[in-house]
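Have a look at entry22.csv below; it lists CSV, C-alpha atoms.
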```
chain,number,residue,atom,x,y,z
D,30,MET,CA,-65.6,-2.0,11.1
D,31,GLN,CA,-63.0,-4.7,11.7
D,32,LYS,CA,-60.7,-3.1,9.2
D,33,GLY,CA,-60.9,0.2,11.1
D,34,THR,CA,-60.2,-1.4,14.4
D,35,LYS,CA,-57.2,-3.2,13.0
D,36,GLY,CA,-55.8,0.0,11.6
D,37,MET,CA,-56.2,1.7,14.9
D,38,GLN,CA,-54.4,-1.2,16.6
D,39,ASP,CA,-51.6,-0.9,14.1
D,40,LYS,CA,-51.2,2.8,14.8
D,41,LYS,CA,-51.1,2.2,18.5
D,42,ARG,CA,-48.5,-0.5,18.1
D,43,THR,CA,-46.4,1.8,15.9
D,44,ALA,CA,-46.7,4.6,18.4
D,45,ALA,CA,-45.6,2.3,21.2
D,46,ILE,CA,-42.6,1.2,19.2
D,47,PHE,CA,-41.6,4.8,18.5
D,48,ILE,CA,-41.9,5.6,22.2
D,49,MET,CA,-39.8,2.6,23.2
D,50,ILE,CA,-37.1,3.6,20.6
D,51,ALA,CA,-37.2,7.2,21.9
D,52,ALA,CA,-36.8,6.1,25.5
D,53,LEU,CA,-34.0,3.7,24.6
D,54,THR,CA,-32.2,6.4,22.6
D,55,ILE,CA,-32.6,9.0,25.5
D,56,GLY,CA,-31.4,6.4,28.0
D,57,THR,CA,-28.4,5.4,25.8
D,58,CYS,CA,-27.5,9.1,25.3
D,59,GLY,CA,-27.8,9.7,29.0
D,60,LEU,CA,-25.5,6.8,29.8
D,61,ALA,CA,-23.0,7.8,27.1
D,62,THR,CA,-23.0,11.4,28.5
D,63,TYR,CA,-22.4,10.1,32.1
D,64,ILE,CA,-19.5,7.9,30.9
D,65,TRP,CA,-18.0,10.7,28.9
D,66,ASN,CA,-18.2,13.1,31.8
D,67,GLY,CA,-16.6,10.5,34.0
D,68,ILE,CA,-13.7,10.1,31.6
D,69,GLN,CA,-13.2,13.9,31.4
D,70,GLU,CA,-13.3,14.2,35.2
D,71,LYS,CA,-10.7,11.6,35.5
D,72,LYS,CA,-8.4,13.2,32.9
D,73,ALA,CA,-8.7,16.6,34.6
D,74,HIS,CA,-8.0,15.1,38.0
D,75,ASP,CA,-5.0,13.1,36.7
D,76,ARG,CA,-3.6,16.3,35.2
D,77,LEU,CA,-4.1,18.2,38.5
D,78,THR,CA,-2.5,15.4,40.5
D,79,GLU,CA,0.6,15.4,38.3
D,80,GLN,CA,0.9,19.1,38.7
D,81,VAL,CA,0.5,19.5,42.5
D,82,VAL,CA,1.3,16.1,44.2
D,83,GLU,CA,4.8,15.1,44.8
D,84,SER,CA,5.5,11.4,45.4
D,85,THR,CA,4.3,10.4,48.8
D,86,GLU,CA,5.5,6.9,48.7
D,87,GLU,CA,8.1,7.6,51.4
D,88,SER,CA,5.2,8.8,53.7
D,89,GLU,CA,3.8,5.3,53.7
D,90,GLU,CA,5.9,5.0,56.9
D,91,THR,CA,6.5,7.6,59.6
D,92,PRO,CA,8.3,10.5,58.0
D,93,THR,CA,12.0,10.8,58.8
D,94,GLU,CA,13.2,13.6,61.0
D,95,PRO,CA,15.2,16.5,59.6
D,96,GLU,CA,18.8,16.9,60.1
D,97,THR,CA,18.6,20.3,61.7
D,98,GLU,CA,16.2,21.9,64.2
D,99,GLU,CA,15.5,24.8,61.8
D,100,GLU,CA,14.0,22.5,59.2
D,101,THR,CA,10.2,22.7,59.1
D,102,TYR,CA,7.5,20.8,57.4
D,103,VAL,CA,7.3,21.2,53.7
D,104,SER,CA,4.0,19.9,52.2
D,105,PRO,CA,4.2,17.5,49.3
D,106,ILE,CA,1.2,19.3,47.8
D,107,ASP,CA,1.7,22.5,45.8
D,108,PHE,CA,-1.0,24.7,47.3
D,109,LYS,CA,0.2,27.6,45.3
D,110,ILE,CA,-1.1,26.0,42.1
D,111,LEU,CA,-4.3,24.8,43.8
D,112,TRP,CA,-5.1,28.2,45.1
D,113,GLU,CA,-4.6,29.7,41.6
D,114,GLN,CA,-7.4,27.4,40.6
D,115,ASN,CA,-9.6,27.8,43.7
D,116,GLU,CA,-9.0,29.8,46.9
D,117,ASP,CA,-11.4,27.5,48.7
D,118,VAL,CA,-8.9,24.6,48.7
D,119,ALA,CA,-8.2,23.7,52.3
D,120,ALA,CA,-6.3,20.4,52.1
D,121,TRP,CA,-5.5,17.3,50.1
D,122,ILE,CA,-6.7,13.9,51.3
D,123,GLN,CA,-5.2,10.4,50.6
D,124,ILE,CA,-6.3,7.0,51.8
D,125,PRO,CA,-3.5,4.5,51.0
D,126,GLY,CA,-4.7,1.4,49.2
D,127,THR,CA,-7.7,3.2,47.6
D,128,GLN,CA,-8.4,5.7,44.8
D,129,ILE,CA,-9.0,8.5,47.3
D,130,ASN,CA,-6.4,11.2,46.4
D,131,TYR,CA,-8.2,14.5,46.1
D,132,PRO,CA,-8.2,18.1,47.0
D,133,VAL,CA,-10.6,19.2,49.8
D,134,VAL,CA,-12.4,22.5,49.7
D,135,HIS,CA,-14.2,24.6,52.3
D,136,GLY,CA,-17.1,26.6,51.0
D,137,GLU,CA,-19.7,29.0,52.4
D,138,ASP,CA,-22.3,26.3,52.6
D,139,ASN,CA,-22.8,22.5,52.3
D,140,ASP,CA,-24.6,22.6,48.9
D,141,TYR,CA,-22.4,24.3,46.3
D,142,TYR,CA,-19.6,21.7,46.1
D,143,LEU,CA,-22.1,18.8,45.9
D,144,HIS,CA,-22.5,19.7,42.2
D,145,HIS,CA,-19.5,21.9,41.3
D,146,ASP,CA,-16.0,20.8,40.5
D,147,LEU,CA,-12.8,22.5,41.7
D,148,TYR,CA,-13.0,25.0,38.8
D,149,GLY,CA,-16.5,26.1,39.5
D,150,ASN,CA,-18.1,24.1,36.7
D,151,TYR,CA,-21.3,22.1,37.2
D,152,SER,CA,-20.4,18.5,37.9
D,153,GLU,CA,-22.2,15.4,39.0
D,154,TYR,CA,-19.0,14.4,40.7
D,155,GLY,CA,-18.8,17.6,42.8
D,156,THR,CA,-15.7,18.1,45.0
D,157,ILE,CA,-14.7,16.6,48.3
D,158,PHE,CA,-15.5,19.3,50.9
D,159,LEU,CA,-15.2,20.1,54.6
D,160,ASP,CA,-18.4,20.9,56.4
D,161,ALA,CA,-18.9,24.7,56.2
D,162,ARG,CA,-19.6,24.9,60.0
D,163,VAL,CA,-16.1,23.7,60.7
D,164,PRO,CA,-13.1,26.0,60.6
D,165,SER,CA,-11.1,25.7,57.4
D,166,ASP,CA,-7.9,25.0,59.4
D,167,PHE,CA,-9.5,21.7,60.7
D,168,SER,CA,-9.4,22.9,64.3
D,169,GLY,CA,-13.0,21.9,64.9
D,170,HIS,CA,-14.2,19.4,67.4
D,171,ASN,CA,-15.5,17.1,64.7
D,172,ASN,CA,-14.1,17.6,61.2
D,173,VAL,CA,-16.8,16.3,58.8
D,174,LEU,CA,-15.9,15.7,55.1
D,175,TYR,CA,-18.3,14.8,52.4
D,176,GLY,CA,-17.9,13.3,48.9
D,177,HIS,CA,-20.1,11.5,46.4
D,178,HIS,CA,-20.2,7.8,46.0
D,179,MET,CA,-19.7,7.5,42.2
D,180,SER,CA,-20.5,4.3,40.4
D,181,ASP,CA,-17.2,4.3,38.6
D,182,GLY,CA,-15.4,4.0,42.0
D,183,THR,CA,-14.2,7.6,42.2
D,184,MET,CA,-14.5,10.3,44.8
D,185,PHE,CA,-15.6,8.9,48.2
D,186,ALA,CA,-16.9,5.6,46.7
D,187,PRO,CA,-14.3,3.5,48.5
D,188,LEU,CA,-15.7,4.6,51.9
D,189,ALA,CA,-18.7,2.3,51.4
D,190,GLN,CA,-16.3,-0.6,51.7
D,191,TYR,CA,-15.6,0.3,55.3
D,192,SER,CA,-18.8,-1.5,56.2
D,193,SER,CA,-16.7,-4.6,55.8
D,194,ARG,CA,-14.5,-5.2,58.9
D,195,ASP,CA,-11.8,-6.8,56.8
D,196,PHE,CA,-11.5,-3.8,54.6
D,197,ALA,CA,-11.7,-1.4,57.5
D,198,GLU,CA,-8.9,-3.2,59.3
D,199,GLY,CA,-6.7,-3.1,56.2
D,200,HIS,CA,-7.3,0.6,55.5
D,201,ARG,CA,-7.1,2.4,58.8
D,202,THR,CA,-4.7,5.1,57.8
D,203,ILE,CA,-6.0,8.4,56.3
D,204,ARG,CA,-3.7,11.3,55.5
D,205,VAL,CA,-4.7,14.9,55.3
D,206,PHE,CA,-2.2,17.4,53.9
D,207,THR,CA,-2.5,21.2,54.5
D,208,ARG,CA,0.0,23.9,53.6
D,209,GLU,CA,1.2,23.9,57.2
D,210,LYS,CA,1.1,20.3,58.3
D,211,GLU,CA,0.5,16.7,57.6
D,212,ILE,CA,-2.2,14.9,59.7
D,213,GLU,CA,-2.2,11.2,60.1
D,214,LEU,CA,-5.6,9.7,61.1
D,215,GLU,CA,-6.6,6.3,62.2
D,216,VAL,CA,-10.0,4.9,61.5
D,217,PHE,CA,-11.7,3.5,64.6
D,218,ALA,CA,-15.3,2.8,63.4
D,219,ALA,CA,-17.7,2.9,60.5
D,220,ASP,CA,-21.5,2.8,60.2
D,221,VAL,CA,-24.3,3.0,57.7
D,222,VAL,CA,-26.9,5.5,58.9
D,223,ASP,CA,-30.2,7.0,57.7
D,224,ALA,CA,-29.4,10.6,56.6
D,225,SER,CA,-32.9,11.8,57.4
D,226,SER,CA,-32.5,11.0,61.1
D,227,GLU,CA,-28.8,11.1,61.6
D,228,GLY,CA,-27.5,14.7,62.0
D,229,LYS,CA,-23.8,15.6,62.0
D,230,ARG,CA,-22.7,17.6,65.0
D,231,THR,CA,-19.6,19.7,64.5
D,232,ASP,CA,-19.4,21.7,67.7
D,233,PHE,CA,-19.3,20.6,71.4
D,234,ALA,CA,-19.1,22.5,74.7
D,235,ASP,CA,-16.1,20.5,75.8
D,236,ALA,CA,-14.2,17.2,75.4
D,237,ALA,CA,-16.6,15.4,77.7
D,238,ALA,CA,-19.5,16.3,75.4
D,239,LEU,CA,-17.6,15.1,72.3
D,240,ASP,CA,-16.7,11.9,74.2
D,241,ALA,CA,-20.3,11.3,75.0
D,242,TYR,CA,-21.3,11.9,71.4
D,243,LEU,CA,-18.7,9.4,70.1
D,244,GLY,CA,-19.7,6.9,72.7
D,245,ASP,CA,-23.3,7.0,71.5
D,246,LYS,CA,-22.2,6.6,67.9
D,247,LEU,CA,-20.0,3.7,68.7
D,248,SER,CA,-22.8,1.9,70.6
D,249,ARG,CA,-24.7,1.7,67.3
D,250,CYS,CA,-21.8,1.3,64.8
D,251,GLU,CA,-21.7,-1.8,62.6
D,252,VAL,CA,-17.9,-1.9,62.6
D,253,VAL,CA,-15.9,-0.9,65.7
D,254,LEU,CA,-12.2,-1.4,65.5
D,255,GLU,CA,-11.4,0.5,68.7
D,256,GLU,CA,-13.2,2.4,71.4
D,257,PRO,CA,-11.1,5.5,72.0
D,258,SER,CA,-11.5,7.6,75.0
D,259,ASP,CA,-10.5,11.2,75.7
D,260,VAL,CA,-10.5,12.1,72.0
D,261,ALA,CA,-9.8,15.8,71.7
D,262,GLN,CA,-10.8,16.0,68.0
D,263,ALA,CA,-12.8,13.6,65.8
D,264,TRP,CA,-13.0,13.2,62.1
D,265,ALA,CA,-15.9,11.8,60.1
D,266,PHE,CA,-16.0,11.0,56.4
D,267,VAL,CA,-19.4,10.7,54.7
D,268,THR,CA,-20.6,9.3,51.4
D,269,CYS,CA,-23.8,7.9,50.0
D,270,SER,CA,-24.6,4.3,50.6
D,271,TYR,CA,-27.2,2.3,48.8
D,272,GLN,CA,-28.8,0.1,51.4
D,273,THR,CA,-31.8,2.4,51.3
D,274,ASN,CA,-32.7,5.5,49.3
D,275,ASN,CA,-31.2,7.8,52.0
D,276,SER,CA,-28.4,5.7,53.5
D,277,ARG,CA,-24.9,7.2,54.2
D,278,THR,CA,-21.7,5.5,55.1
D,279,VAL,CA,-19.8,7.3,57.9
D,280,VAL,CA,-16.2,6.5,58.7
D,281,TYR,CA,-14.9,7.8,62.0
D,282,ALA,CA,-11.2,8.5,62.6
D,283,LYS,CA,-8.9,10.2,65.2
D,284,GLU,CA,-5.6,12.0,64.9
D,285,VAL,CA,-2.6,9.9,65.8
D,286,GLU,CA,0.1,12.2,64.6
D,287,ALA,CA,0.7,15.5,63.0
D,288,TRP,CA,3.8,17.0,61.6
D,289,ASP,CA,4.0,20.8,61.3
D,290,SER,CA,7.6,20.9,62.4
D,291,ARG,CA,9.9,17.9,62.7
D,292,PRO,CA,12.8,18.7,65.1
D,293,SER,CA,15.6,16.2,65.5
D,294,GLU,CA,16.1,14.6,68.9
```
What would you get if you wrote out this structure as structure tokens?
Amino acid sequence: MQKGTKGMQDKKRTAAIFIMIAALTIGTCGLATYIWNGIQEKKAHDRLTEQVVESTEESEETPTEPETEEETYVSPIDFKILWEQNEDVAAWIQIPGTQINYPVVHGEDNDYYLHHDLYGNYSEYGTIFLDARVPSDFSGHNNVLYGHHMSDGTMFAPLAQYSSRDFAEGHRTIRVFTREKEIELEVFAADVVDASSEGKRTDFADAAALDAYLGDKLSRCEVVLEEPSDVAQAWAFVTCSYQTNNSRTVVYAKEVEAWDSRPSE
């Protein structure tokens, strides 16, 4: 009887070991796949950036004015190449001092680009995208952009650092390039919110309604760098945050300058 019991215990122990090994193997394979996918995503993005982005180092300061009145804005982004890859491309975003340097798409809904890359392939990284409710020319009252917070620091991961006042103060400039113009934005606040209870409004009856909306947000923001008034158009950049299972970091910005034509004085 004891011998049979011992044999049964050995079998259970062996089965448990096999289960642990299988779980470890699956976990290791999953991690390896994730890392491999990340490497491939970075390579693809680097190739795309080399193809379509001219050096924007000169734009770290206010762009110089043209020599003639006829000269108009020429984007440093090659949208022709981008549109050959995907007609949904609406812009390119850069945040100096961070890794954020990506194309922005505008789809038919707010789901597709959560899990698809620029080329239409399934991707855990997704693509930075403009809220589908907002016009693709960024003429909305509140232009909301979304991107994943990837553990390798890519996509919109740097936005989570805006919950630190020091980081926010040192990274207030955001640049959005379209085919027609360059838009310089200035961050004025950041917050970590509960996505289940914090909806994102994109349309307002008038400027007063937008101003009231922003005032309410600012009253609850963790980081407020400025309390702007009479903002005609707001911008919000959203990514996952890990304070809770459903937290989101939201970075608020306003337009400070746009160049679609740069006439001389």
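Counting only C-alpha atoms and comparing D:Leu147, D:Asp223, D:Asp195, D:Asn139, the residue that lies closest to Gln272 in chain D is D:Asp223.
Separating CA of Ala197 in chain D from CA of Asp220 in chain D is a distance of 11.0 Å.
The shortest atom-to-atom distance to Glu116 in chain D, with all atoms listed in the file taken into account, belongs to D:Tyr148 out of D:Met179, D:Pro187, D:Tyr148, D:Asp138.
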Practice problem: Within 12 Å of Glu137 in chain D, counting only C-alpha atoms, which residues show up once you throw out same-chain ones fewer than 3 positions away? Write them as a VMD selection string, please. | Solution: chain D and resid 117 134 140 to 142 158 to 165
If you keep C-alpha atoms, can you produce a file of those selected residues as a PDB file, keeping the file's coordinate frame?
```pdb
ATOM      1  CA  ASP D 117     -11.400  27.500  48.700  1.00  0.00           C
ATOM      2  CA  VAL D 134     -12.400  22.500  49.700  1.00  0.00           C
ATOM      3  CA  ASP D 140     -24.600  22.600  48.900  1.00  0.00           C
ATOM      4  CA  TYR D 141     -22.400  24.300  46.300  1.00  0.00           C
ATOM      5  CA  TYR D 142     -19.600  21.700  46.100  1.00  0.00           C
ATOM      6  CA  PHE D 158     -15.500  19.300  50.900  1.00  0.00           C
ATOM      7  CA  LEU D 159     -15.200  20.100  54.600  1.00  0.00           C
ATOM      8  CA  ASP D 160     -18.400  20.900  56.400  1.00  0.00           C
ATOM      9  CA  ALA D 161     -18.900  24.700  56.200  1.00  0.00           C
ATOM     10  CA  ARG D 162     -19.600  24.900  60.000  1.00  0.00           C
ATOM     11  CA  VAL D 163     -16.100  23.700  60.700  1.00  0.00           C
ATOM     12  CA  PRO D 164     -13.100  26.000  60.600  1.00  0.00           C
ATOM     13  CA  SER D 165     -11.100  25.700  57.400  1.00  0.00           C
TER      14      SER D 165
END
```
Self-check item: Coordinates-based distance that separates CA of Ile122 in chain D from CA of Asn275 in chain D (Å, one decimal)
Solution: 25.3 Å
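The neighbours of Val103 in chain D here are the residues that come within 8 Å of it, using only C-alpha atoms and leaving out any residue fewer than 4 positions away in the same chain; they are Arg208, Glu209 and Lys210 of chain D.
Candidate residues D:Thr231, D:Phe206, D:Gly176, D:Ala238 were compared for distance to Val82 in chain D, and the nearest is D:Phe206, using all atoms listed in the file.
Nearest residue to Ala241 in chain D, choosing from D:Leu174, D:Cys269, D:Ala261, D:Ala119 and counting all atoms listed in the file: D:Ala261.
Here the question is which of D:Thr156, D:Ser248, D:Thr202, D:Ser168 gets nearest to His135 in chain D using all atoms listed in the file, and that residue is D:Thr156.
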Fewer than 2 positions away in the same chain doesn't count, so skip those; otherwise give me all residues within 12 Å of Gln128 in chain D, counting all atoms listed in the file, as a compact mmCIF listing (two decimals) with C-alpha atoms, in the frame of the given file.
```txt
# COMPACT_ATOMS: atom_id res chain seq x y z
CA LYS D 71 -10.70 11.60 35.50
CA HIS D 74 -8.00 15.10 38.00
CA ASP D 75 -5.00 13.10 36.70
CA ILE D 122 -6.70 13.90 51.30
CA GLN D 123 -5.20 10.40 50.60
CA ILE D 124 -6.30 7.00 51.80
CA PRO D 125 -3.50 4.50 51.00
CA GLY D 126 -4.70 1.40 49.20
CA ASN D 130 -6.40 11.20 46.40
CA TYR D 131 -8.20 14.50 46.10
CA MET D 179 -19.70 7.50 42.20
CA ASP D 181 -17.20 4.30 38.60
CA GLY D 182 -15.40 4.00 42.00
CA THR D 183 -14.20 7.60 42.20
CA MET D 184 -14.50 10.30 44.80
CA PHE D 185 -15.60 8.90 48.20
CA ALA D 186 -16.90 5.60 46.70
CA PRO D 187 -14.30 3.50 48.50
CA LEU D 188 -15.70 4.60 51.90
CA HIS D 200 -7.30 0.60 55.50
```
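We find CA of Phe196 in chain D and CA of Ile129 in chain D to be spaced 14.5 Å apart.
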Could range 253-264 of chain D be completed with all heavy atoms and written as a JSON list (two decimals), keeping the file's coordinate frame, please?
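The resulting rebuild_9.json:
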```json
[["chain", "number", "residue", "atom", "x", "y", "z"],
["D", 253, "VAL", "N", -16.71, -1.61, 64.66],
["D", 253, "VAL", "CA", -15.90, -0.90, 65.70],
["D", 253, "VAL", "C", -14.58, -1.57, 65.80],
["D", 253, "VAL", "O", -14.48, -2.72, 66.20],
["D", 253, "VAL", "CB", -16.66, -0.90, 67.05],
["D", 253, "VAL", "CG1", -15.80, -0.19, 68.09],
["D", 253, "VAL", "CG2", -18.03, -0.24, 66.94],
["D", 254, "LEU", "N", -13.54, -0.84, 65.44],
["D", 254, "LEU", "CA", -12.20, -1.40, 65.50],
["D", 254, "LEU", "C", -11.50, -1.02, 66.81],
["D", 254, "LEU", "O", -10.56, -1.68, 67.23],
["D", 254, "LEU", "CB", -11.35, -0.82, 64.34],
["D", 254, "LEU", "CG", -11.92, -1.04, 62.93],
["D", 254, "LEU", "CD1", -11.00, -0.40, 61.89],
["D", 254, "LEU", "CD2", -12.09, -2.53, 62.64],
["D", 255, "GLU", "N", -11.99, 0.04, 67.42],
["D", 255, "GLU", "CA", -11.40, 0.50, 68.70],
["D", 255, "GLU", "C", -12.42, 1.44, 69.34],
["D", 255, "GLU", "O", -13.23, 2.08, 68.67],
["D", 255, "GLU", "CB", -10.12, 1.32, 68.33],
["D", 255, "GLU", "CG", -9.41, 1.92, 69.51],
["D", 255, "GLU", "CD", -8.26, 2.82, 69.09],
["D", 255, "GLU", "OE1", -7.89, 2.82, 67.90],
["D", 255, "GLU", "OE2", -7.73, 3.54, 69.96],
["D", 256, "GLU", "N", -12.38, 1.50, 70.64],
["D", 256, "GLU", "CA", -13.20, 2.40, 71.40],
["D", 256, "GLU", "C", -12.36, 3.43, 72.10],
["D", 256, "GLU", "O", -12.04, 3.28, 73.27],
["D", 256, "GLU", "CB", -14.11, 1.63, 72.38],
["D", 256, "GLU", "CG", -15.11, 0.70, 71.71],
["D", 256, "GLU", "CD", -16.09, 0.09, 72.68],
["D", 256, "GLU", "OE1", -16.25, 0.66, 73.79],
["D", 256, "GLU", "OE2", -16.69, -0.93, 72.35],
["D", 257, "PRO", "N", -11.98, 4.48, 71.38],
["D", 257, "PRO", "CA", -11.10, 5.50, 72.00],
["D", 257, "PRO", "C", -11.74, 6.31, 73.03],
["D", 257, "PRO", "O", -12.95, 6.53, 73.00],
["D", 257, "PRO", "CB", -10.68, 6.32, 70.76],
["D", 257, "PRO", "CG", -11.86, 6.23, 69.86],
["D", 257, "PRO", "CD", -12.38, 4.83, 70.02],
["D", 258, "SER", "N", -10.95, 6.76, 73.96],
["D", 258, "SER", "CA", -11.50, 7.60, 75.00],
["D", 258, "SER", "C", -10.62, 8.91, 75.01],
["D", 258, "SER", "O", -9.47, 8.92, 74.55],
["D", 258, "SER", "CB", -11.41, 6.97, 76.38],
["D", 258, "SER", "OG", -10.09, 6.58, 76.70],
["D", 259, "ASP", "N", -11.18, 9.95, 75.56],
["D", 259, "ASP", "CA", -10.50, 11.20, 75.70],
["D", 259, "ASP", "C", -9.98, 11.72, 74.29],
["D", 259, "ASP", "O", -8.85, 12.19, 74.15],
["D", 259, "ASP", "CB", -9.29, 11.13, 76.62],
["D", 259, "ASP", "CG", -9.72, 10.74, 78.02],
["D", 259, "ASP", "OD1", -10.80, 11.20, 78.44],
["D", 259, "ASP", "OD2", -8.99, 9.98, 78.68],
["D", 260, "VAL", "N", -10.85, 11.61, 73.28],
["D", 260, "VAL", "CA", -10.50, 12.10, 72.00],
["D", 260, "VAL", "C", -10.73, 13.61, 71.93],
["D", 260, "VAL", "O", -11.85, 14.08, 72.14],
["D", 260, "VAL", "CB", -11.37, 11.43, 70.86],
["D", 260, "VAL", "CG1", -11.08, 12.04, 69.49],
["D", 260, "VAL", "CG2", -11.09, 9.93, 70.83],
["D", 261, "ALA", "N", -9.67, 14.36, 71.69],
["D", 261, "ALA", "CA", -9.80, 15.80, 71.70],
["D", 261, "ALA", "C", -10.45, 16.33, 70.41],
["D", 261, "ALA", "O", -11.08, 17.39, 70.40],
["D", 261, "ALA", "CB", -8.42, 16.46, 71.87],
["D", 262, "GLN", "N", -10.28, 15.57, 69.34],
["D", 262, "GLN", "CA", -10.80, 16.00, 68.00],
["D", 262, "GLN", "C", -11.14, 14.75, 67.22],
["D", 262, "GLN", "O", -10.33, 13.83, 67.10],
["D", 262, "GLN", "CB", -9.75, 16.83, 67.32],
["D", 262, "GLN", "CG", -10.23, 17.45, 66.02],
["D", 262, "GLN", "CD", -9.10, 18.22, 65.34],
["D", 262, "GLN", "OE1", -8.04, 17.67, 65.07],
["D", 262, "GLN", "NE2", -9.35, 19.49, 65.05],
["D", 263, "ALA", "N", -12.33, 14.74, 66.66],
["D", 263, "ALA", "CA", -12.80, 13.60, 65.80],
["D", 263, "ALA", "C", -12.88, 14.01, 64.38],
["D", 263, "ALA", "O", -12.97, 15.20, 64.05],
["D", 263, "ALA", "CB", -14.11, 13.08, 66.34],
["D", 264, "TRP", "N", -12.86, 13.01, 63.51],
["D", 264, "TRP", "CA", -13.00, 13.20, 62.10],
["D", 264, "TRP", "C", -14.09, 12.25, 61.59],
["D", 264, "TRP", "O", -14.16, 11.10, 62.04],
["D", 264, "TRP", "CB", -11.72, 12.96, 61.33],
["D", 264, "TRP", "CG", -10.61, 13.91, 61.65],
["D", 264, "TRP", "CD1", -9.96, 14.03, 62.85],
["D", 264, "TRP", "CD2", -10.02, 14.86, 60.77],
["D", 264, "TRP", "NE1", -9.00, 15.01, 62.77],
["D", 264, "TRP", "CE2", -9.00, 15.53, 61.50],
["D", 264, "TRP", "CE3", -10.24, 15.20, 59.43],
["D", 264, "TRP", "CZ2", -8.21, 16.53, 60.94],
["D", 264, "TRP", "CZ3", -9.45, 16.20, 58.87],
["D", 264, "TRP", "CH2", -8.46, 16.85, 59.61]]
```
